[in-house]
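Shown next: model.txt, containing compact mmCIF, C-alpha atoms and all ligand atoms.
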# COMPACT_ATOMS: atom_id res chain seq x y z
CA MET A 1 -8.17 10.86 74.03
CA ILE A 2 -6.53 7.43 74.18
CA LEU A 3 -3.17 6.72 72.52
CA ASP A 4 -2.13 3.35 71.08
CA VAL A 5 1.65 3.31 70.62
CA ASP A 6 4.72 1.28 69.63
CA THR A 7 7.24 3.61 71.31
CA GLY A 8 9.47 4.33 69.17
CA VAL A 9 11.12 7.73 68.79
CA ASP A 10 8.17 9.58 67.25
CA ASP A 11 5.63 7.78 69.47
CA ALA A 12 7.67 9.16 72.37
CA LEU A 13 7.26 12.65 70.90
CA ALA A 14 3.51 12.01 70.61
CA LEU A 15 3.31 10.88 74.24
CA LEU A 16 5.16 13.99 75.41
CA LEU A 17 2.80 16.26 73.46
CA ALA A 18 -0.35 14.43 74.59
CA VAL A 19 0.59 14.53 78.27
CA LYS A 20 1.78 18.14 78.25
CA SER A 21 -1.09 19.58 76.22
CA THR A 22 -3.67 21.32 78.39
CA ALA A 23 -6.09 21.10 75.46
CA LEU A 24 -6.26 17.31 75.75
CA ASP A 25 -7.57 14.92 78.36
CA LEU A 26 -5.43 11.77 78.01
CA ARG A 27 -7.39 8.86 79.49
CA GLY A 28 -5.09 5.93 78.77
CA VAL A 29 -2.23 4.49 76.73
CA THR A 30 -2.08 1.04 75.13
CA CYS A 31 1.03 -0.64 73.76
CA VAL A 32 1.53 -2.87 70.73
CA ALA A 33 4.53 -4.45 68.99
CA GLY A 34 5.74 -2.48 65.99
CA ASN A 35 8.77 -0.25 65.95
CA THR A 36 10.24 -2.66 68.45
CA GLY A 37 9.06 -5.72 70.43
CA LEU A 38 6.20 -5.41 72.93
CA GLU A 39 8.38 -5.63 76.03
CA ALA A 40 10.60 -2.76 74.87
CA VAL A 41 7.54 -0.77 73.78
CA VAL A 42 6.06 -1.05 77.28
CA ARG A 43 9.37 -0.17 78.94
CA ASN A 44 9.87 2.84 76.67
CA THR A 45 6.30 4.04 77.09
CA LEU A 46 6.54 4.01 80.88
CA ARG A 47 9.92 5.79 80.83
CA VAL A 48 8.61 8.48 78.49
CA LEU A 49 5.50 9.02 80.62
CA ASP A 50 7.80 9.66 83.60
CA ALA A 51 9.74 12.26 81.60
CA ALA A 52 6.44 13.85 80.56
CA GLY A 53 5.31 14.04 84.19
CA ALA A 54 2.14 12.03 83.50
CA PRO A 55 -0.01 11.28 86.55
CA LEU A 56 0.76 7.88 88.09
CA ASP A 57 -2.86 6.80 87.77
CA LEU A 58 -2.86 7.22 83.98
CA PRO A 59 -3.60 3.62 82.93
CA VAL A 60 -1.08 1.96 80.60
CA ALA A 61 -1.73 -1.54 79.27
CA ALA A 62 0.19 -4.04 77.15
CA GLY A 63 -1.54 -5.45 74.08
CA ALA A 64 -0.68 -7.53 71.04
CA ALA A 65 2.85 -8.90 70.71
CA ARG A 66 2.34 -9.83 67.05
CA PRO A 67 0.11 -8.98 64.09
CA LEU A 68 -3.22 -10.75 63.46
CA LEU A 69 -1.96 -12.87 60.60
CA ASP A 70 1.65 -12.32 59.64
CA PRO A 71 4.38 -13.67 61.84
CA PRO A 72 6.35 -10.90 63.60
CA HIS A 73 9.09 -11.54 61.07
CA LEU A 74 7.75 -10.93 57.62
CA ALA A 75 8.37 -13.00 54.52
CA GLU A 76 11.31 -11.05 53.10
CA PRO A 77 14.52 -12.54 54.50
CA ASP A 78 15.88 -9.21 55.73
CA ALA A 79 12.61 -7.42 56.49
CA THR A 80 11.59 -7.68 60.12
CA GLN A 81 8.38 -6.31 61.54
CA THR A 82 10.30 -3.95 63.73
CA ALA A 83 12.12 -0.79 62.74
CA GLU A 84 15.15 -0.71 64.99
CA HIS A 85 17.25 0.86 62.26
CA VAL A 86 15.00 3.93 62.53
CA HIS A 87 14.46 3.98 66.29
CA GLY A 88 17.69 2.54 67.75
CA ALA A 89 18.27 -0.91 69.28
CA ASP A 90 16.08 -0.19 72.34
CA GLY A 91 13.48 1.55 70.15
CA LEU A 92 14.23 4.84 71.85
CA ALA A 93 17.40 6.17 70.28
CA GLY A 94 19.51 4.82 73.17
CA VAL A 95 18.69 7.90 75.30
CA ASP A 96 19.71 7.71 78.93
CA LEU A 97 16.32 7.38 80.65
CA PRO A 98 15.92 5.54 83.97
CA ASP A 99 13.58 2.58 84.15
CA SER A 100 10.15 3.45 85.46
CA ALA A 101 8.50 2.30 88.68
CA ARG A 102 5.14 3.30 87.16
CA PRO A 103 2.61 0.45 87.40
CA LEU A 104 1.38 -1.36 84.31
CA ASP A 105 -2.38 -1.92 84.26
CA ARG A 106 -3.22 -5.59 84.84
CA ARG A 107 -5.80 -5.63 82.06
CA PRO A 108 -4.82 -6.54 78.48
CA ALA A 109 -5.00 -3.51 76.17
CA VAL A 110 -8.31 -4.56 74.61
CA GLU A 111 -9.97 -4.80 78.04
CA LEU A 112 -8.60 -1.44 79.15
CA LEU A 113 -9.81 0.18 75.92
CA ARG A 114 -13.25 -1.34 76.38
CA ASP A 115 -13.53 -0.23 80.00
CA LEU A 116 -12.34 3.30 79.28
CA LEU A 117 -14.71 3.72 76.34
CA LEU A 118 -17.81 2.20 77.89
CA GLY A 119 -17.16 4.06 81.15
CA ALA A 120 -16.66 7.45 79.51
CA GLU A 121 -19.27 10.15 79.91
CA ALA A 122 -18.78 11.29 76.30
CA PRO A 123 -17.25 9.72 73.17
CA ILE A 124 -13.44 9.55 73.11
CA THR A 125 -10.95 10.09 70.27
CA LEU A 126 -8.70 7.07 69.65
CA VAL A 127 -5.24 7.80 68.28
CA PRO A 128 -3.45 4.68 66.96
CA LEU A 129 0.18 5.46 66.07
CA ALA A 130 1.31 1.90 65.42
CA PRO A 131 0.24 -1.35 63.72
CA MET A 132 -3.52 -1.44 64.39
CA THR A 133 -3.70 -4.90 65.97
CA ASN A 134 -5.04 -3.74 69.36
CA ILE A 135 -7.72 -1.55 67.81
CA ALA A 136 -8.86 -4.24 65.37
CA LEU A 137 -9.13 -6.77 68.22
CA LEU A 138 -11.13 -4.24 70.24
CA LEU A 139 -13.57 -3.52 67.41
CA ARG A 140 -14.10 -7.22 66.68
CA THR A 141 -14.36 -8.32 70.33
CA TYR A 142 -16.47 -5.46 71.66
CA PRO A 143 -18.36 -3.84 68.75
CA GLU A 144 -20.56 -2.12 71.33
CA VAL A 145 -17.74 0.39 71.93
CA ARG A 146 -18.21 1.95 68.48
CA PRO A 147 -20.70 4.67 69.51
CA LYS A 148 -18.29 5.65 72.30
CA ILE A 149 -15.51 6.36 69.77
CA GLU A 150 -15.77 9.97 68.64
CA ARG A 151 -13.22 9.49 65.87
CA ILE A 152 -10.11 7.46 65.11
CA VAL A 153 -7.22 9.75 64.15
CA LEU A 154 -4.59 7.29 62.98
CA MET A 155 -1.06 7.50 61.72
CA GLY A 156 -0.91 5.10 58.83
CA GLY A 157 -1.09 4.70 55.10
CA ALA A 158 -0.39 7.12 52.28
CA VAL A 159 -1.96 8.38 49.10
CA ASN A 160 1.37 8.28 47.29
CA GLY A 161 3.87 5.50 47.91
CA GLY A 162 5.20 3.95 51.07
CA ASN A 163 8.19 3.96 53.38
CA VAL A 164 8.68 0.28 54.23
CA THR A 165 8.02 -0.79 50.64
CA ALA A 166 7.49 1.31 47.54
CA ALA A 167 3.74 0.84 48.07
CA ALA A 168 3.14 0.53 51.80
CA GLU A 169 3.54 2.58 54.95
CA PHE A 170 4.96 0.78 58.01
CA ASN A 171 1.95 0.74 60.37
CA VAL A 172 -0.39 -0.66 57.69
CA PHE A 173 2.23 -2.99 56.20
CA ALA A 174 2.98 -4.47 59.65
CA ASP A 175 -0.65 -5.60 60.09
CA PRO A 176 -2.73 -5.03 56.95
CA GLU A 177 -5.72 -7.11 58.14
CA ALA A 178 -5.94 -5.02 61.31
CA ALA A 179 -5.82 -1.80 59.30
CA ALA A 180 -8.59 -3.06 56.99
CA ILE A 181 -10.78 -3.81 60.03
CA VAL A 182 -10.17 -0.36 61.51
CA PHE A 183 -10.80 1.52 58.25
CA GLY A 184 -13.99 -0.45 57.71
CA ALA A 185 -15.40 -0.31 61.25
CA GLY A 186 -18.01 2.34 60.51
CA VAL A 187 -16.38 4.83 62.88
CA PRO A 188 -15.20 8.25 61.55
CA VAL A 189 -11.53 7.91 60.61
CA THR A 190 -8.90 10.54 59.87
CA MET A 191 -5.90 9.09 58.03
CA TYR A 192 -2.77 11.05 59.01
CA GLY A 193 -0.51 9.32 56.49
CA LEU A 194 2.89 9.76 54.90
CA ASP A 195 1.57 12.60 52.72
CA VAL A 196 1.76 14.83 55.80
CA PHE A 197 3.86 12.77 58.23
CA TYR A 198 7.28 14.11 57.18
CA SER A 199 6.16 17.73 56.71
CA VAL A 200 5.98 18.88 60.34
CA ARG A 201 9.61 19.49 61.30
CA VAL A 202 11.71 20.96 64.09
CA SER A 203 15.01 22.66 63.16
CA ALA A 204 18.40 21.58 64.52
CA ALA A 205 18.67 24.92 66.36
CA GLU A 206 15.31 24.40 68.11
CA ALA A 207 16.08 20.76 68.92
CA THR A 208 19.49 21.72 70.34
CA ALA A 209 17.89 24.35 72.57
CA MET A 210 15.28 21.84 73.73
CA ALA A 211 17.94 19.22 74.49
CA ALA A 212 19.68 21.75 76.76
CA SER A 213 16.47 22.63 78.63
CA ASP A 214 15.84 22.02 82.34
CA VAL A 215 12.32 20.83 81.49
CA PRO A 216 12.49 17.00 81.26
CA SER A 217 9.91 16.72 78.44
CA ALA A 218 11.75 19.34 76.35
CA ARG A 219 15.13 17.73 77.03
CA LEU A 220 13.94 14.29 75.94
CA ALA A 221 12.17 15.66 72.84
CA GLY A 222 15.32 17.55 71.84
CA GLN A 223 17.51 14.45 72.26
CA LEU A 224 15.13 12.29 70.23
CA LEU A 225 14.86 14.85 67.43
CA LEU A 226 18.65 15.24 67.26
CA PHE A 227 18.96 11.42 67.01
CA ARG A 228 16.82 11.59 63.89
CA MET A 229 19.03 14.25 62.27
CA THR A 230 21.61 12.05 60.66
CA GLY A 231 24.10 13.18 58.02
CA GLU A 232 23.42 16.60 56.55
CA ALA A 233 19.88 16.91 57.95
CA ASP A 234 19.19 20.24 59.64
CA SER A 235 15.69 19.35 60.84
CA ALA A 236 13.66 16.29 61.87
CA GLU A 237 10.00 15.38 61.57
CA ILE A 238 7.83 15.07 64.66
CA GLY A 239 6.13 12.12 62.92
CA ASP A 240 3.42 10.49 65.04
CA ALA A 241 3.22 13.61 67.22
CA GLY A 242 1.65 15.36 64.23
CA ALA A 243 -1.43 13.14 64.60
CA VAL A 244 -1.76 14.36 68.20
CA ALA A 245 -1.42 17.95 66.98
CA ALA A 246 -4.26 17.15 64.57
CA VAL A 247 -6.49 16.32 67.53
CA ILE A 248 -5.49 19.54 69.30
CA THR A 249 -5.97 21.71 66.18
CA PRO A 250 -7.99 19.82 63.54
CA ASP A 251 -8.27 22.86 61.29
CA GLY A 252 -4.51 22.77 60.65
CA LEU A 253 -5.15 19.70 58.50
CA THR A 254 -6.58 19.72 54.97
CA THR A 255 -8.59 16.55 54.49
CA GLU A 256 -10.80 15.07 51.82
CA ALA A 257 -13.38 12.32 52.33
CA LEU A 258 -12.17 9.56 49.99
CA PRO A 259 -12.71 5.82 49.56
CA VAL A 260 -9.72 3.85 50.90
CA ARG A 261 -9.02 0.13 50.51
CA VAL A 262 -6.16 -1.72 52.17
CA GLU A 263 -4.37 -4.05 49.75
CA LEU A 264 -4.30 -7.49 51.36
CA ASP A 265 -3.07 -9.59 48.45
CA GLY A 266 -0.58 -7.80 46.23
CA ARG A 267 2.73 -9.56 45.73
CA TYR A 268 4.60 -6.26 45.91
CA THR A 269 1.81 -4.02 47.18
CA ARG A 270 0.49 -5.77 50.32
CA GLY A 271 -0.28 -3.16 52.97
CA ALA A 272 -0.75 -0.31 50.49
CA THR A 273 -3.69 2.04 51.07
CA LEU A 274 -5.45 2.46 47.74
CA VAL A 275 -7.06 5.90 47.88
CA ASP A 276 -9.63 6.45 45.13
CA ARG A 277 -9.24 10.01 43.87
CA ARG A 278 -11.13 9.51 40.60
CA ALA A 279 -14.03 11.76 39.69
CA GLU A 280 -17.44 10.53 40.91
CA SER A 281 -18.56 9.64 37.35
CA ASP A 282 -15.51 7.40 36.82
CA LYS A 283 -16.27 5.51 40.01
CA ASP A 284 -19.43 4.12 38.38
CA TRP A 285 -17.13 1.82 36.41
CA ASP A 286 -15.51 0.38 39.51
CA PRO A 287 -15.80 -3.43 39.18
CA HIS A 288 -15.36 -3.66 42.97
CA ARG A 289 -18.32 -1.40 43.72
CA ALA A 290 -20.31 -4.35 45.11
CA TYR A 291 -17.83 -4.16 48.01
CA PRO A 292 -17.84 -0.44 48.75
CA ALA A 293 -14.63 1.01 50.12
CA PRO A 294 -14.80 2.74 53.49
CA VAL A 295 -14.79 6.53 53.15
CA VAL A 296 -12.03 8.08 55.21
CA ASP A 297 -10.97 11.68 55.87
CA VAL A 298 -7.57 11.56 54.23
CA ALA A 299 -5.02 14.23 55.20
CA LEU A 300 -3.69 15.82 52.02
CA GLY A 301 -2.05 18.90 53.51
CA VAL A 302 -0.92 20.27 56.86
CA ASP A 303 -0.10 23.65 58.34
CA ALA A 304 3.36 22.37 59.20
CA LYS A 305 4.63 25.56 60.87
CA ARG A 306 1.60 25.71 63.14
CA TYR A 307 1.87 22.07 64.22
CA ALA A 308 5.62 22.36 64.79
CA ALA A 309 5.06 25.45 66.95
CA ILE A 310 2.33 23.67 68.94
CA PHE A 311 4.76 20.80 69.53
CA VAL A 312 7.76 22.91 70.57
CA ASP A 313 5.75 25.31 72.76
CA THR A 314 3.74 22.59 74.50
CA VAL A 315 6.61 20.23 75.19
CA SER A 316 8.89 23.07 76.34
CA CYS A 317 6.41 24.33 78.94
CA PRO A 318 7.56 23.55 82.53
C1 LIG B 1 5.19 4.94 61.35
O1 LIG B 1 6.08 3.85 61.53
C2 LIG B 1 6.85 4.05 62.69
O2 LIG B 1 8.21 3.93 62.39
C3 LIG B 1 6.54 5.41 63.21
O3 LIG B 1 6.50 5.39 64.63
C4 LIG B 1 5.21 5.77 62.62
O4 LIG B 1 4.15 5.39 63.45
C5 LIG B 1 5.59 5.70 60.10
O5 LIG B 1 5.46 4.88 58.97
CA CA B 2 4.55 4.66 65.75
Structure translated into structure tokens:
Amino acid sequence: MILDVDTGVDDALALLLAVKSTALDLRGVTCVAGNTGLEAVVRNTLRVLDAAGAPLDLPVAAGAARPLLDPPHLAEPDATQTAEHVHGADGLAGVDLPDSARPLDRRPAVELLRDLLLGAEAPITLVPLAPMTNIALLLRTYPEVRPKIERIVLMGGAVNGGNVTAAAEFNVFADPEAAAIVFGAGVPVTMYGLDVFYSVRVSAAEATAMAASDVPSARLAGQLLLFRMTGEADSAEIGDAGAVAAVITPDGLTTEALPVRVELDGRYTRGATLVDRRAESDKDWDPHRAYPAPVVDVALGVDAKRYAAIFVDTVSCP
């Protein structure tokens, strides 16, 4: 598996799970601007990998610092591309983590992705948890990697509504053109969207116990989860880490193969994922059928207790 991240509180949780899981073989990590700027994403990713105890030769590369088309600051006067209000000013909840001496790979993310994929003995699962700029650039620059991608399990989109606007989810909204390229690349895609994203949750009691642990990965995960429990909340979602759990245990996810288009134009709906759930017979009337929508395995339900247990158990293991 390869992770593409914009670390970010829940990307940090995903990194911890991916490194600690003995069921996964993490081959590399690529960074992209999103939750916070690229420099902070790289810094956070390296610090989290230290806490996870990742091997020093795990390659980590920096990628796109801005979306394909939109400027990093989007059109709305108060809407920035980043999400510091959700992830803290440093993108990582202000937790006290030392800077990392871990080396950054000299290759740009797209080159590292290409080399890892073409050099792999068997196809690899790509897990983008951020705006999909790096993955879109990879697929356009090196289309020959496609047969080496087993599946793309991405966090992004939603069947019903958004989080950054009423229509759009953050990762797709932040770079809609990139998302459209990834959905349409002809590679199997699982869309782990908002319909399941908030369902997998860790209780305050579990997070408090983790935060008090001697195991560095458990301690960091507990602190990050507690940061997310503002106000009256007595639990927090593991967010992006759920997409990693979906690679570990795919049968915990209920999916349906459905046509999905990314809205690239809408005045109020740009970045929405339009999932076509009409009956087959109704689809005959689709005036857009000359431009068929990519068919994606859309997550409609999740065994939330199972994924939460996988997360807590794996990350808490010494
Ligand atoms: C996505 O946006 C980011 O805030 C999270 O890390 C996640 O990838 C949810 O919309
Ligand atoms: Ca993310």
Tell me which protein, DNA and RNA residues are within 10 Å of Pro292 in chain A, counting only C-alpha atoms, leaving out same-chain ones fewer than 6 positions away, and put them as an mmCIF file with C-alpha atoms, in the coordinates of the input.
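What follows is the written file selection-v4.cif:
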data_model
loop_
_atom_site.group_PDB
_atom_site.id
_atom_site.type_symbol
_atom_site.label_atom_id
_atom_site.label_comp_id
_atom_site.auth_asym_id
_atom_site.auth_seq_id
_atom_site.Cartn_x
_atom_site.Cartn_y
_atom_site.Cartn_z
ATOM 1 C CA GLY A 184 -13.990 -0.450 57.710
ATOM 2 C CA PRO A 259 -12.710 5.820 49.560
ATOM 3 C CA VAL A 260 -9.720 3.850 50.900
ATOM 4 C CA ARG A 261 -9.020 0.130 50.510
ATOM 5 C CA ASP A 286 -15.510 0.380 39.510
#
- Task: Between CA of Asp240 in chain A and CA of Arg267 in chain A, measure the distance and give it in Å to one decimal.
- Result: 27.8 Å
Could you give me the centre and size, in Å to one decimal, of an axis-aligned box around all listed atoms of ligand LIG 1 (chain B) with 8 Å added on every side, as JSON?
{"center_x": 6.2, "center_y": 4.8, "center_z": 61.8, "size_x": 20.1, "size_y": 17.9, "size_z": 21.7}
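Atom pair CA of Arg47 in chain A / CA of Pro318 in chain A: separated by 18.0 Å.
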- Task: Please write out the residues within 7 Å of ligand LIG 1 (chain B) as number ranges by chain, counting only C-alpha atoms and all ligand atoms.
- Result: A: 6-11, 35, 83, 86, 129-130, 155-156, 163, 169-171, 194, 239-240
- Message: List as an NGL selection string the protein and nucleic acid residues near Arg228 in chain A, meaning an atom at most 10 Å away when all atoms listed in the file are counted, but skip any in the same chain fewer than 2 places from it.
- Response: :A and (9-10 or 86-88 or 93 or 223-226 or 230-231 or 233-238)
- Message: Around the point (-2.1, -8.9, 62.3) (coordinates from the file), which residues reach within 6 Å if we count all atoms listed in the file? Answer as a list in words.
- Response: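 Those residues lying close to the given coordinates are Pro67, Leu68, Leu69, Asp70, Thr133, Asp175, Glu177 and Ala178 of chain A.
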With C-alpha atoms retained, could you export that selection as a PDB file, in the coordinates of the input?
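Below is the file selection-v9.pdb, written as the result:
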ATOM      1  CA  PRO A  67       0.110  -8.980  64.090  1.00  0.00           C
ATOM      2  CA  LEU A  68      -3.220 -10.750  63.460  1.00  0.00           C
ATOM      3  CA  LEU A  69      -1.960 -12.870  60.600  1.00  0.00           C
ATOM      4  CA  ASP A  70       1.650 -12.320  59.640  1.00  0.00           C
ATOM      5  CA  THR A 133      -3.700  -4.900  65.970  1.00  0.00           C
ATOM      6  CA  ASP A 175      -0.650  -5.600  60.090  1.00  0.00           C
ATOM      7  CA  GLU A 177      -5.720  -7.110  58.140  1.00  0.00           C
ATOM      8  CA  ALA A 178      -5.940  -5.020  61.310  1.00  0.00           C
TER       9      ALA A 178
END
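The smallest atom-to-atom distance between Ser217 in chain A and any of A:Leu38, A:Ala243, A:Ala52, A:Leu137, using only C-alpha atoms, is found for A:Ala52.
Distances from A:Ile135, A:Ala61, A:Leu13, A:Ala51 to Pro216 in chain A were compared using all atoms listed in the file, and the smallest one belongs to A:Ala51.
Between CA of Arg106 in chain A and CA of Ala241 in chain A lies a distance of 26.8 Å.
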- Skipping near chain neighbours, those fewer than 3 positions away, what residues fall within 12 Å of Gly162 in chain A using all atoms listed in the file, listed as a list in words?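 Residues meeting the cut-off are Gly156, Gly157, Ala158, Val159, Thr165, Ala166, Ala167, Ala168, Glu169, Phe170, Asn171, Val172, Phe173, Gly193, Leu194, Asp195, Phe197, Tyr268, Thr269, Arg270, Gly271, Ala272, Thr273 and Leu274 of chain A.
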- Query: Could you name the residues that touch Asp57 in chain A at 10 Å or less, counting only C-alpha atoms, but leaving out those on the same chain fewer than 4 positions away, as an NGL selection string?
  - Reply: :A and (27-28 or 102-105)
- Using only C-alpha atoms, find the one residue out of A:Leu16, A:Leu92, A:Ala211, A:Val60 that sits nearest to Ile2 in chain A. A:Val60
- Could you tell me which of A:Ala18, A:Cys31, A:Ala62, A:Ile310 comes closest to ligand CA 2 (chain B) if we count all atoms listed in the file?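 Distance minimum relative to ligand CA 2 (chain B) lands on A:Cys31.
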- Task: Find the residues near Val315 in chain A: any atom within 8 Å, counting all atoms listed in the file, skip ones fewer than 2 places away on the same chain, and give them as a list in words.
- Result: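 In the requested form, the answer reads Leu16, Leu17, Lys20, Ser21, Ser217, Ala218, Ala221, Phe311, Val312, Asp313 and Cys317 of chain A.
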Would you fill out range 157-178 of chain A with N, CA, C and O atoms and return it as an mmCIF file, in the frame of the given file?
data_model
loop_
_atom_site.group_PDB
_atom_site.id
_atom_site.type_symbol
_atom_site.label_atom_id
_atom_site.label_comp_id
_atom_site.auth_asym_id
_atom_site.auth_seq_id
_atom_site.Cartn_x
_atom_site.Cartn_y
_atom_site.Cartn_z
ATOM 1 N N GLY A 157 -0.721 4.603 56.495
ATOM 2 C CA GLY A 157 -1.090 4.700 55.100
ATOM 3 C C GLY A 157 -0.499 5.902 54.381
ATOM 4 O O GLY A 157 0.279 6.677 54.948
ATOM 5 N N ALA A 158 -0.876 6.024 53.121
ATOM 6 C CA ALA A 158 -0.390 7.120 52.280
ATOM 7 C C ALA A 158 -1.222 7.134 51.007
ATOM 8 O O ALA A 158 -1.724 6.088 50.576
ATOM 9 N N VAL A 159 -1.362 8.307 50.442
ATOM 10 C CA VAL A 159 -1.960 8.380 49.100
ATOM 11 C C VAL A 159 -0.900 7.977 48.081
ATOM 12 O O VAL A 159 -1.153 7.200 47.167
ATOM 13 N N ASN A 160 0.299 8.484 48.280
ATOM 14 C CA ASN A 160 1.370 8.280 47.290
ATOM 15 C C ASN A 160 2.555 7.527 47.898
ATOM 16 O O ASN A 160 3.332 8.094 48.654
ATOM 17 N N GLY A 161 2.674 6.256 47.560
ATOM 18 C CA GLY A 161 3.870 5.500 47.910
ATOM 19 C C GLY A 161 3.992 5.177 49.379
ATOM 20 O O GLY A 161 3.185 5.606 50.207
ATOM 21 N N GLY A 162 5.025 4.393 49.688
ATOM 22 C CA GLY A 162 5.200 3.950 51.070
ATOM 23 C C GLY A 162 6.570 4.279 51.610
ATOM 24 O O GLY A 162 7.354 4.949 50.944
ATOM 25 N N ASN A 163 6.842 3.812 52.829
ATOM 26 C CA ASN A 163 8.190 3.960 53.380
ATOM 27 C C ASN A 163 8.856 2.607 53.631
ATOM 28 O O ASN A 163 10.040 2.443 53.466
ATOM 29 N N VAL A 164 8.051 1.583 53.967
ATOM 30 C CA VAL A 164 8.680 0.280 54.230
ATOM 31 C C VAL A 164 8.798 -0.521 52.937
ATOM 32 O O VAL A 164 9.728 -1.301 52.756
ATOM 33 N N THR A 165 7.854 -0.330 52.025
ATOM 34 C CA THR A 165 8.020 -0.790 50.640
ATOM 35 C C THR A 165 7.652 0.390 49.754
ATOM 36 O O THR A 165 7.164 1.415 50.255
ATOM 37 N N ALA A 166 7.832 0.221 48.457
ATOM 38 C CA ALA A 166 7.490 1.310 47.540
ATOM 39 C C ALA A 166 6.001 1.632 47.617
ATOM 40 O O ALA A 166 5.571 2.746 47.301
ATOM 41 N N ALA A 167 5.193 0.640 48.062
ATOM 42 C CA ALA A 167 3.740 0.840 48.070
ATOM 43 C C ALA A 167 3.163 1.078 49.448
ATOM 44 O O ALA A 167 2.079 1.670 49.556
ATOM 45 N N ALA A 168 3.817 0.600 50.499
ATOM 46 C CA ALA A 168 3.140 0.530 51.800
ATOM 47 C C ALA A 168 3.863 1.291 52.902
ATOM 48 O O ALA A 168 5.096 1.277 52.992
ATOM 49 N N GLU A 169 3.056 1.884 53.739
ATOM 50 C CA GLU A 169 3.540 2.580 54.950
ATOM 51 C C GLU A 169 3.683 1.552 56.073
ATOM 52 O O GLU A 169 2.905 0.591 56.153
ATOM 53 N N PHE A 170 4.601 1.777 57.000
ATOM 54 C CA PHE A 170 4.960 0.780 58.010
ATOM 55 C C PHE A 170 3.776 0.278 58.848
ATOM 56 O O PHE A 170 3.586 -0.934 59.018
ATOM 57 N N ASN A 171 2.986 1.179 59.427
ATOM 58 C CA ASN A 171 1.950 0.740 60.370
ATOM 59 C C ASN A 171 0.887 -0.133 59.689
ATOM 60 O O ASN A 171 0.334 -1.043 60.312
ATOM 61 N N VAL A 172 0.598 0.149 58.416
ATOM 62 C CA VAL A 172 -0.390 -0.660 57.690
ATOM 63 C C VAL A 172 0.278 -1.940 57.198
ATOM 64 O O VAL A 172 -0.282 -3.038 57.322
ATOM 65 N N PHE A 173 1.488 -1.825 56.687
ATOM 66 C CA PHE A 173 2.230 -2.990 56.200
ATOM 67 C C PHE A 173 2.428 -4.026 57.311
ATOM 68 O O PHE A 173 2.343 -5.228 57.087
ATOM 69 N N ALA A 174 2.678 -3.553 58.545
ATOM 70 C CA ALA A 174 2.980 -4.470 59.650
ATOM 71 C C ALA A 174 1.771 -5.311 60.037
ATOM 72 O O ALA A 174 1.932 -6.413 60.566
ATOM 73 N N ASP A 175 0.558 -4.811 59.801
ATOM 74 C CA ASP A 175 -0.650 -5.600 60.090
ATOM 75 C C ASP A 175 -1.791 -5.129 59.185
ATOM 76 O O ASP A 175 -2.716 -4.438 59.637
ATOM 77 N N PRO A 176 -1.735 -5.533 57.908
ATOM 78 C CA PRO A 176 -2.730 -5.030 56.950
ATOM 79 C C PRO A 176 -4.159 -5.437 57.297
ATOM 80 O O PRO A 176 -5.097 -4.649 57.113
ATOM 81 N N GLU A 177 -4.354 -6.679 57.807
ATOM 82 C CA GLU A 177 -5.720 -7.110 58.140
ATOM 83 C C GLU A 177 -6.292 -6.217 59.235
ATOM 84 O O GLU A 177 -7.475 -5.832 59.198
ATOM 85 N N ALA A 178 -5.460 -5.894 60.226
ATOM 86 C CA ALA A 178 -5.940 -5.020 61.310
ATOM 87 C C ALA A 178 -6.326 -3.652 60.758
ATOM 88 O O ALA A 178 -7.376 -3.097 61.117
#
